[in-house]
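Q: Below is a structure I'd like to ask you about.
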Amino acid sequence: MSGATLEFDAAGALAVINEAASAAGNPAAMLRDMGEYLIIAHDQRFISQTAPDGTPWQALSPAYQRRKRKNQDKILVLDGYLKNTLRYQVSDDELLFGTNRKYGAIHHFGGEIDVAARSQQAYFRQDGKTGEVGNQFVSKRKSNFAQWVTVGAYKIKIPARPWLGTSADDNYVLAGIAMKYLLRAPH
């Protein structure tokens, strides 16, 4: 999975998980249960629009919210690809959790996107009687007037909206999953 690697620092939960993994001999089943829980926890995070620590995600800018074509009231959701591409991978002794979407990291940590200058064809509607060209872009098929325009370079600032990680409650549940396997392990 591309993007960022987050390691949660919950020494108590991690100690229980490591002990359970050692006791179980083959922790793959435990790690799969943890991966399933993380999918559910992160789905809930997208519903509540909050970071792992419970703070609300920064609101969308009014300008972006006006031009957003769907899910205008939802942060980090346009088509749902970020939320719907969350996956986990389990190997013999490792659980990887995240998304393969490259933009997942910038939404989590924030940053700037440099958009290069470019020239492109812009499409408009021209009134047939007056010859006046409208001031709004239209799709090529609805257009009857086109012209080349140059757009200068600019930056898009993306605020940090932490969405990936575990809360204290999540750590408690993950430790509980590990304890379940620890108690089942042969002594």
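Naming works like this for the structure tokens: A, B, ... for the chains as they're shown, residue 1 at the start of each chain, ligands 1 onward in shown order.
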I'd like the neighbourhood of Ala168 of chain A as a PyMOL selection string, where a residue qualifies if any of its atoms comes within 9 Å (using only C-alpha atoms), though same-chain residues fewer than 4 positions away should be ignored.

A: chain A and resi 10+52-53+172-173

Q: Report the residues of segment 7-172 of chain A whose backbone DSSP state falls under helix (DSSP H, G or I), written as number ranges by chain.

A: A: 11-24, 28-48, 62-67, 81-84, 103-109, 140-142, 168-172

Q: Check the smallest atom-to-atom distance from each of A:Asp127, A:Asp33, A:Asp73, A:Glu112 to Ile47 of chain A using only C-alpha atoms, then report the winner.

A: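 Checking each candidate against Ile47 of chain A, we get A:Asp73 as the closest.
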
Q: Taking a cut-off of 12 Å and counting only C-alpha atoms, can you build a table that, for each residue of segment 93-157 of chain A near segment 54-70 of chain A, reports the nearest atom pair and how far apart they are in Å (one decimal), sorted by chain then residue number, as JSON lines?

A:
```
{"residue": "A:His107", "atom": "CA", "partner": "A:Trp57", "partner_atom": "CA", "distance": 10.3}
{"residue": "A:His108", "atom": "CA", "partner": "A:Trp57", "partner_atom": "CA", "distance": 10.0}
{"residue": "A:Phe109", "atom": "CA", "partner": "A:Trp57", "partner_atom": "CA", "distance": 11.9}
{"residue": "A:Gly110", "atom": "CA", "partner": "A:Gln58", "partner_atom": "CA", "distance": 10.9}
{"residue": "A:Ile156", "atom": "CA", "partner": "A:Tyr64", "partner_atom": "CA", "distance": 11.2}
{"residue": "A:Lys157", "atom": "CA", "partner": "A:Ser61", "partner_atom": "CA", "distance": 10.8}
```

Q: Based on the selection just made, write N, CA and C atoms of those residues as a compact mmCIF listing (two decimals), in the first residue's frame.

A:
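Saved as again.txt:
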```
# COMPACT_ATOMS: atom_id res chain seq x y z
N HIS A 107 -4.51 14.11 2.71
CA HIS A 107 -5.69 14.44 3.50
C HIS A 107 -5.42 14.21 4.99
N HIS A 108 -4.63 13.21 5.31
CA HIS A 108 -4.32 12.94 6.72
C HIS A 108 -3.37 13.98 7.30
N PHE A 109 -2.28 14.25 6.60
CA PHE A 109 -1.24 15.14 7.13
C PHE A 109 -1.38 16.59 6.69
N GLY A 110 -2.13 16.84 5.61
CA GLY A 110 -2.21 18.19 5.06
C GLY A 110 -1.02 18.46 4.16
N ILE A 156 -2.79 24.63 -4.20
CA ILE A 156 -3.99 24.26 -3.46
C ILE A 156 -3.52 23.80 -2.08
N LYS A 157 -4.02 24.45 -1.04
CA LYS A 157 -3.64 24.09 0.32
C LYS A 157 -4.69 23.14 0.89
```

Q: Between A:Ile75, A:Ala117, A:Ile40, A:Leu95, which residue has the minimum interatomic distance to Lys155 of chain A, considering only C-alpha atoms?

A: A:Ala117

Q: For the atom pair atom CA of Asn71 of chain A and atom CA of Tyr88 of chain A, what is the interatomic distance in Å to one decimal place?

A: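 Computed distance, atom CA of Asn71 of chain A to atom CA of Tyr88 of chain A, equals 26.1 Å.
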
Q: Which neighbours of Lys83 of chain A fall inside 12 Å, counting only C-alpha atoms, when residues of the same chain fewer than 6 positions from it are skipped, and could you give them as a PDB file with all heavy atoms, in the first residue's frame?

A:
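As a result, part.pdb now contains:
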```
ATOM      1  N   LEU A  38     -10.772  -2.670  12.534  1.00  0.00           N
ATOM      2  CA  LEU A  38     -10.279  -1.381  12.038  1.00  0.00           C
ATOM      3  C   LEU A  38     -11.119  -0.869  10.872  1.00  0.00           C
ATOM      4  O   LEU A  38     -11.354   0.339  10.763  1.00  0.00           O
ATOM      5  CB  LEU A  38      -8.803  -1.488  11.644  1.00  0.00           C
ATOM      6  CG  LEU A  38      -7.822  -1.629  12.806  1.00  0.00           C
ATOM      7  CD1 LEU A  38      -6.417  -1.934  12.289  1.00  0.00           C
ATOM      8  CD2 LEU A  38      -7.824  -0.382  13.679  1.00  0.00           C
ATOM      9  N   ILE A  39     -11.603  -1.764  10.011  1.00  0.00           N
ATOM     10  CA  ILE A  39     -12.498  -1.350   8.923  1.00  0.00           C
ATOM     11  C   ILE A  39     -13.753  -0.712   9.516  1.00  0.00           C
ATOM     12  O   ILE A  39     -14.176   0.371   9.099  1.00  0.00           O
ATOM     13  CB  ILE A  39     -12.881  -2.559   8.032  1.00  0.00           C
ATOM     14  CG1 ILE A  39     -11.675  -3.109   7.293  1.00  0.00           C
ATOM     15  CG2 ILE A  39     -14.031  -2.206   7.086  1.00  0.00           C
ATOM     16  CD1 ILE A  39     -11.224  -2.316   6.094  1.00  0.00           C
ATOM     17  N   ILE A  40     -14.347  -1.367  10.500  1.00  0.00           N
ATOM     18  CA  ILE A  40     -15.571  -0.858  11.131  1.00  0.00           C
ATOM     19  C   ILE A  40     -15.305   0.473  11.828  1.00  0.00           C
ATOM     20  O   ILE A  40     -16.079   1.423  11.701  1.00  0.00           O
ATOM     21  CB  ILE A  40     -16.133  -1.895  12.127  1.00  0.00           C
ATOM     22  CG1 ILE A  40     -16.626  -3.125  11.360  1.00  0.00           C
ATOM     23  CG2 ILE A  40     -17.250  -1.300  12.974  1.00  0.00           C
ATOM     24  CD1 ILE A  40     -16.875  -4.342  12.226  1.00  0.00           C
ATOM     25  N   ALA A  41     -14.198   0.559  12.572  1.00  0.00           N
ATOM     26  CA  ALA A  41     -13.870   1.791  13.310  1.00  0.00           C
ATOM     27  C   ALA A  41     -13.653   2.962  12.349  1.00  0.00           C
ATOM     28  O   ALA A  41     -14.092   4.084  12.618  1.00  0.00           O
ATOM     29  CB  ALA A  41     -12.630   1.570  14.176  1.00  0.00           C
ATOM     30  N   HIS A  42     -12.987   2.717  11.240  1.00  0.00           N
ATOM     31  CA  HIS A  42     -12.734   3.798  10.287  1.00  0.00           C
ATOM     32  C   HIS A  42     -13.993   4.172   9.512  1.00  0.00           C
ATOM     33  O   HIS A  42     -14.185   5.339   9.179  1.00  0.00           O
ATOM     34  CB  HIS A  42     -11.570   3.451   9.362  1.00  0.00           C
ATOM     35  CG  HIS A  42     -10.252   3.601  10.046  1.00  0.00           C
ATOM     36  ND1 HIS A  42      -9.753   2.661  10.914  1.00  0.00           N
ATOM     37  CD2 HIS A  42      -9.350   4.606  10.030  1.00  0.00           C
ATOM     38  CE1 HIS A  42      -8.599   3.074  11.390  1.00  0.00           C
ATOM     39  NE2 HIS A  42      -8.328   4.260  10.872  1.00  0.00           N
ATOM     40  N   ASP A  43     -14.867   3.203   9.233  1.00  0.00           N
ATOM     41  CA  ASP A  43     -16.166   3.540   8.634  1.00  0.00           C
ATOM     42  C   ASP A  43     -16.923   4.490   9.558  1.00  0.00           C
ATOM     43  O   ASP A  43     -17.510   5.476   9.108  1.00  0.00           O
ATOM     44  CB  ASP A  43     -17.007   2.281   8.397  1.00  0.00           C
ATOM     45  CG  ASP A  43     -16.638   1.548   7.124  1.00  0.00           C
ATOM     46  OD1 ASP A  43     -15.884   2.116   6.303  1.00  0.00           O
ATOM     47  OD2 ASP A  43     -17.111   0.408   6.942  1.00  0.00           O
ATOM     48  N   GLN A  44     -16.893   4.198  10.844  1.00  0.00           N
ATOM     49  CA  GLN A  44     -17.565   5.060  11.817  1.00  0.00           C
ATOM     50  C   GLN A  44     -16.939   6.458  11.852  1.00  0.00           C
ATOM     51  O   GLN A  44     -17.622   7.459  11.988  1.00  0.00           O
ATOM     52  CB  GLN A  44     -17.530   4.425  13.214  1.00  0.00           C
ATOM     53  CG  GLN A  44     -18.278   5.200  14.257  1.00  0.00           C
ATOM     54  CD  GLN A  44     -19.734   5.430  13.892  1.00  0.00           C
ATOM     55  OE1 GLN A  44     -20.425   4.533  13.442  1.00  0.00           O
ATOM     56  NE2 GLN A  44     -20.208   6.646  14.080  1.00  0.00           N
ATOM     57  N   ARG A  45     -15.628   6.510  11.681  1.00  0.00           N
ATOM     58  CA  ARG A  45     -14.929   7.799  11.671  1.00  0.00           C
ATOM     59  C   ARG A  45     -15.401   8.657  10.494  1.00  0.00           C
ATOM     60  O   ARG A  45     -15.569   9.862  10.627  1.00  0.00           O
ATOM     61  CB  ARG A  45     -13.420   7.552  11.587  1.00  0.00           C
ATOM     62  CG  ARG A  45     -12.632   8.808  11.769  1.00  0.00           C
ATOM     63  CD  ARG A  45     -11.227   8.557  12.245  1.00  0.00           C
ATOM     64  NE  ARG A  45     -11.246   7.832  13.496  1.00  0.00           N
ATOM     65  CZ  ARG A  45     -10.512   6.753  13.738  1.00  0.00           C
ATOM     66  NH1 ARG A  45      -9.668   6.293  12.861  1.00  0.00           N
ATOM     67  NH2 ARG A  45     -10.594   6.138  14.895  1.00  0.00           N
ATOM     68  N   PHE A  46     -15.627   8.041   9.343  1.00  0.00           N
ATOM     69  CA  PHE A  46     -16.127   8.795   8.194  1.00  0.00           C
ATOM     70  C   PHE A  46     -17.563   9.255   8.422  1.00  0.00           C
ATOM     71  O   PHE A  46     -17.958  10.307   7.945  1.00  0.00           O
ATOM     72  CB  PHE A  46     -16.014   7.979   6.902  1.00  0.00           C
ATOM     73  CG  PHE A  46     -14.659   8.075   6.270  1.00  0.00           C
ATOM     74  CD1 PHE A  46     -13.660   7.180   6.613  1.00  0.00           C
ATOM     75  CD2 PHE A  46     -14.376   9.066   5.350  1.00  0.00           C
ATOM     76  CE1 PHE A  46     -12.397   7.275   6.035  1.00  0.00           C
ATOM     77  CE2 PHE A  46     -13.124   9.171   4.776  1.00  0.00           C
ATOM     78  CZ  PHE A  46     -12.125   8.272   5.113  1.00  0.00           C
ATOM     79  N   ILE A  47     -18.328   8.481   9.164  1.00  0.00           N
ATOM     80  CA  ILE A  47     -19.705   8.891   9.485  1.00  0.00           C
ATOM     81  C   ILE A  47     -19.693  10.060  10.459  1.00  0.00           C
ATOM     82  O   ILE A  47     -20.399  11.049  10.275  1.00  0.00           O
ATOM     83  CB  ILE A  47     -20.508   7.700  10.052  1.00  0.00           C
ATOM     84  CG1 ILE A  47     -20.749   6.667   8.951  1.00  0.00           C
ATOM     85  CG2 ILE A  47     -21.834   8.169  10.661  1.00  0.00           C
ATOM     86  CD1 ILE A  47     -21.268   5.328   9.459  1.00  0.00           C
ATOM     87  N   GLN A  49     -17.153  12.061  11.008  1.00  0.00           N
ATOM     88  CA  GLN A  49     -16.304  13.134  10.479  1.00  0.00           C
ATOM     89  C   GLN A  49     -15.314  13.636  11.538  1.00  0.00           C
ATOM     90  O   GLN A  49     -15.137  14.837  11.726  1.00  0.00           O
ATOM     91  CB  GLN A  49     -17.162  14.303   9.970  1.00  0.00           C
ATOM     92  CG  GLN A  49     -18.247  13.915   8.977  1.00  0.00           C
ATOM     93  CD  GLN A  49     -17.748  13.918   7.560  1.00  0.00           C
ATOM     94  OE1 GLN A  49     -17.636  14.964   6.957  1.00  0.00           O
ATOM     95  NE2 GLN A  49     -17.442  12.756   7.032  1.00  0.00           N
ATOM     96  N   LYS A  74     -20.382  16.412   3.300  1.00  0.00           N
ATOM     97  CA  LYS A  74     -19.459  15.418   3.841  1.00  0.00           C
ATOM     98  C   LYS A  74     -18.021  15.800   3.544  1.00  0.00           C
ATOM     99  O   LYS A  74     -17.670  16.134   2.423  1.00  0.00           O
ATOM    100  CB  LYS A  74     -19.768  14.037   3.270  1.00  0.00           C
ATOM    101  CG  LYS A  74     -21.122  13.531   3.717  1.00  0.00           C
ATOM    102  CD  LYS A  74     -21.383  12.163   3.198  1.00  0.00           C
ATOM    103  CE  LYS A  74     -22.772  11.727   3.664  1.00  0.00           C
ATOM    104  NZ  LYS A  74     -23.231  10.576   2.939  1.00  0.00           N
ATOM    105  N   ILE A  75     -17.188  15.701   4.564  1.00  0.00           N
ATOM    106  CA  ILE A  75     -15.763  15.992   4.451  1.00  0.00           C
ATOM    107  C   ILE A  75     -15.045  14.701   4.079  1.00  0.00           C
ATOM    108  O   ILE A  75     -15.394  13.622   4.575  1.00  0.00           O
ATOM    109  CB  ILE A  75     -15.235  16.562   5.786  1.00  0.00           C
ATOM    110  CG1 ILE A  75     -16.020  17.823   6.150  1.00  0.00           C
ATOM    111  CG2 ILE A  75     -13.741  16.847   5.718  1.00  0.00           C
ATOM    112  CD1 ILE A  75     -15.831  18.269   7.574  1.00  0.00           C
ATOM    113  N   LEU A  76     -14.058  14.774   3.222  1.00  0.00           N
ATOM    114  CA  LEU A  76     -13.265  13.644   2.725  1.00  0.00           C
ATOM    115  C   LEU A  76     -14.103  12.624   1.957  1.00  0.00           C
ATOM    116  O   LEU A  76     -13.697  11.471   1.805  1.00  0.00           O
ATOM    117  CB  LEU A  76     -12.514  12.935   3.869  1.00  0.00           C
ATOM    118  CG  LEU A  76     -11.454  13.753   4.599  1.00  0.00           C
ATOM    119  CD1 LEU A  76     -10.738  12.884   5.618  1.00  0.00           C
ATOM    120  CD2 LEU A  76     -10.460  14.356   3.637  1.00  0.00           C
ATOM    121  N   VAL A  77     -15.283  13.043   1.498  1.00  0.00           N
ATOM    122  CA  VAL A  77     -16.125  12.140   0.710  1.00  0.00           C
ATOM    123  C   VAL A  77     -16.645  12.901  -0.499  1.00  0.00           C
ATOM    124  O   VAL A  77     -17.376  13.874  -0.347  1.00  0.00           O
ATOM    125  CB  VAL A  77     -17.323  11.614   1.530  1.00  0.00           C
ATOM    126  CG1 VAL A  77     -18.209  10.731   0.663  1.00  0.00           C
ATOM    127  CG2 VAL A  77     -16.862  10.865   2.771  1.00  0.00           C
ATOM    128  N   GLY A  98      -4.709   0.305   5.596  1.00  0.00           N
ATOM    129  CA  GLY A  98      -4.661   1.609   4.946  1.00  0.00           C
ATOM    130  C   GLY A  98      -5.409   1.596   3.628  1.00  0.00           C
ATOM    131  O   GLY A  98      -6.282   0.768   3.398  1.00  0.00           O
ATOM    132  N   THR A  99      -5.022   2.519   2.764  1.00  0.00           N
ATOM    133  CA  THR A  99      -5.637   2.676   1.454  1.00  0.00           C
ATOM    134  C   THR A  99      -4.556   2.710   0.389  1.00  0.00           C
ATOM    135  O   THR A  99      -3.414   3.078   0.680  1.00  0.00           O
ATOM    136  CB  THR A  99      -6.480   3.969   1.380  1.00  0.00           C
ATOM    137  OG1 THR A  99      -7.084   4.068   0.090  1.00  0.00           O
ATOM    138  CG2 THR A  99      -5.639   5.208   1.633  1.00  0.00           C
ATOM    139  N   ASN A 100      -4.920   2.356  -0.819  1.00  0.00           N
ATOM    140  CA  ASN A 100      -3.973   2.466  -1.920  1.00  0.00           C
ATOM    141  C   ASN A 100      -4.119   3.808  -2.637  1.00  0.00           C
ATOM    142  O   ASN A 100      -3.443   4.059  -3.622  1.00  0.00           O
ATOM    143  CB  ASN A 100      -4.155   1.317  -2.920  1.00  0.00           C
ATOM    144  CG  ASN A 100      -5.515   1.318  -3.573  1.00  0.00           C
ATOM    145  OD1 ASN A 100      -6.401   2.095  -3.225  1.00  0.00           O
ATOM    146  ND2 ASN A 100      -5.701   0.423  -4.516  1.00  0.00           N
ATOM    147  N   ARG A 101      -4.975   4.672  -2.159  1.00  0.00           N
ATOM    148  CA  ARG A 101      -5.170   5.990  -2.769  1.00  0.00           C
ATOM    149  C   ARG A 101      -4.037   6.911  -2.344  1.00  0.00           C
ATOM    150  O   ARG A 101      -3.811   7.141  -1.148  1.00  0.00           O
ATOM    151  CB  ARG A 101      -6.514   6.600  -2.356  1.00  0.00           C
ATOM    152  CG  ARG A 101      -7.700   5.775  -2.792  1.00  0.00           C
ATOM    153  CD  ARG A 101      -7.797   5.768  -4.297  1.00  0.00           C
ATOM    154  NE  ARG A 101      -8.745   4.757  -4.740  1.00  0.00           N
ATOM    155  CZ  ARG A 101      -9.320   4.772  -5.910  1.00  0.00           C
ATOM    156  NH1 ARG A 101      -9.045   5.709  -6.782  1.00  0.00           N
ATOM    157  NH2 ARG A 101     -10.153   3.829  -6.233  1.00  0.00           N
ATOM    158  N   TYR A 103      -3.788  10.051  -2.466  1.00  0.00           N
ATOM    159  CA  TYR A 103      -4.204  11.279  -1.796  1.00  0.00           C
ATOM    160  C   TYR A 103      -4.599  11.056  -0.337  1.00  0.00           C
ATOM    161  O   TYR A 103      -4.861  12.002   0.389  1.00  0.00           O
ATOM    162  CB  TYR A 103      -5.336  11.968  -2.555  1.00  0.00           C
ATOM    163  CG  TYR A 103      -6.551  11.102  -2.821  1.00  0.00           C
ATOM    164  CD1 TYR A 103      -7.524  10.897  -1.857  1.00  0.00           C
ATOM    165  CD2 TYR A 103      -6.725  10.499  -4.054  1.00  0.00           C
ATOM    166  CE1 TYR A 103      -8.635  10.115  -2.107  1.00  0.00           C
ATOM    167  CE2 TYR A 103      -7.832   9.719  -4.317  1.00  0.00           C
ATOM    168  CZ  TYR A 103      -8.780   9.527  -3.335  1.00  0.00           C
ATOM    169  OH  TYR A 103      -9.885   8.755  -3.585  1.00  0.00           O
ATOM    170  N   GLY A 104      -4.615   9.814   0.117  1.00  0.00           N
ATOM    171  CA  GLY A 104      -4.938   9.536   1.517  1.00  0.00           C
ATOM    172  C   GLY A 104      -3.963  10.219   2.470  1.00  0.00           C
ATOM    173  O   GLY A 104      -4.361  10.747   3.504  1.00  0.00           O
ATOM    174  N   HIS A 107      -4.505  14.109   2.713  1.00  0.00           N
ATOM    175  CA  HIS A 107      -5.690  14.438   3.503  1.00  0.00           C
ATOM    176  C   HIS A 107      -5.425  14.207   4.988  1.00  0.00           C
ATOM    177  O   HIS A 107      -5.923  14.945   5.829  1.00  0.00           O
ATOM    178  CB  HIS A 107      -6.896  13.623   3.051  1.00  0.00           C
ATOM    179  CG  HIS A 107      -7.492  14.121   1.777  1.00  0.00           C
ATOM    180  ND1 HIS A 107      -7.952  15.409   1.613  1.00  0.00           N
ATOM    181  CD2 HIS A 107      -7.704  13.512   0.583  1.00  0.00           C
ATOM    182  CE1 HIS A 107      -8.425  15.570   0.397  1.00  0.00           C
ATOM    183  NE2 HIS A 107      -8.270  14.434  -0.256  1.00  0.00           N
ATOM    184  N   TRP A 163      -7.454  11.024   9.645  1.00  0.00           N
ATOM    185  CA  TRP A 163      -8.541  10.061   9.514  1.00  0.00           C
ATOM    186  C   TRP A 163      -8.071   8.639   9.784  1.00  0.00           C
ATOM    187  O   TRP A 163      -8.867   7.758  10.063  1.00  0.00           O
ATOM    188  CB  TRP A 163      -9.167  10.141   8.113  1.00  0.00           C
ATOM    189  CG  TRP A 163      -8.206   9.867   7.010  1.00  0.00           C
ATOM    190  CD1 TRP A 163      -7.383  10.768   6.400  1.00  0.00           C
ATOM    191  CD2 TRP A 163      -7.938   8.608   6.402  1.00  0.00           C
ATOM    192  NE1 TRP A 163      -6.627  10.141   5.445  1.00  0.00           N
ATOM    193  CE2 TRP A 163      -6.960   8.805   5.428  1.00  0.00           C
ATOM    194  CE3 TRP A 163      -8.442   7.316   6.592  1.00  0.00           C
ATOM    195  CZ2 TRP A 163      -6.453   7.779   4.647  1.00  0.00           C
ATOM    196  CZ3 TRP A 163      -7.942   6.302   5.808  1.00  0.00           C
ATOM    197  CH2 TRP A 163      -6.958   6.540   4.845  1.00  0.00           C
ATOM    198  N   LEU A 164      -6.783   8.407   9.739  1.00  0.00           N
ATOM    199  CA  LEU A 164      -6.231   7.068   9.900  1.00  0.00           C
ATOM    200  C   LEU A 164      -5.554   6.960  11.259  1.00  0.00           C
ATOM    201  O   LEU A 164      -4.779   7.825  11.638  1.00  0.00           O
ATOM    202  CB  LEU A 164      -5.220   6.807   8.785  1.00  0.00           C
ATOM    203  CG  LEU A 164      -4.637   5.417   8.673  1.00  0.00           C
ATOM    204  CD1 LEU A 164      -5.726   4.394   8.404  1.00  0.00           C
ATOM    205  CD2 LEU A 164      -3.608   5.381   7.555  1.00  0.00           C
TER     206      LEU A 164
END
```
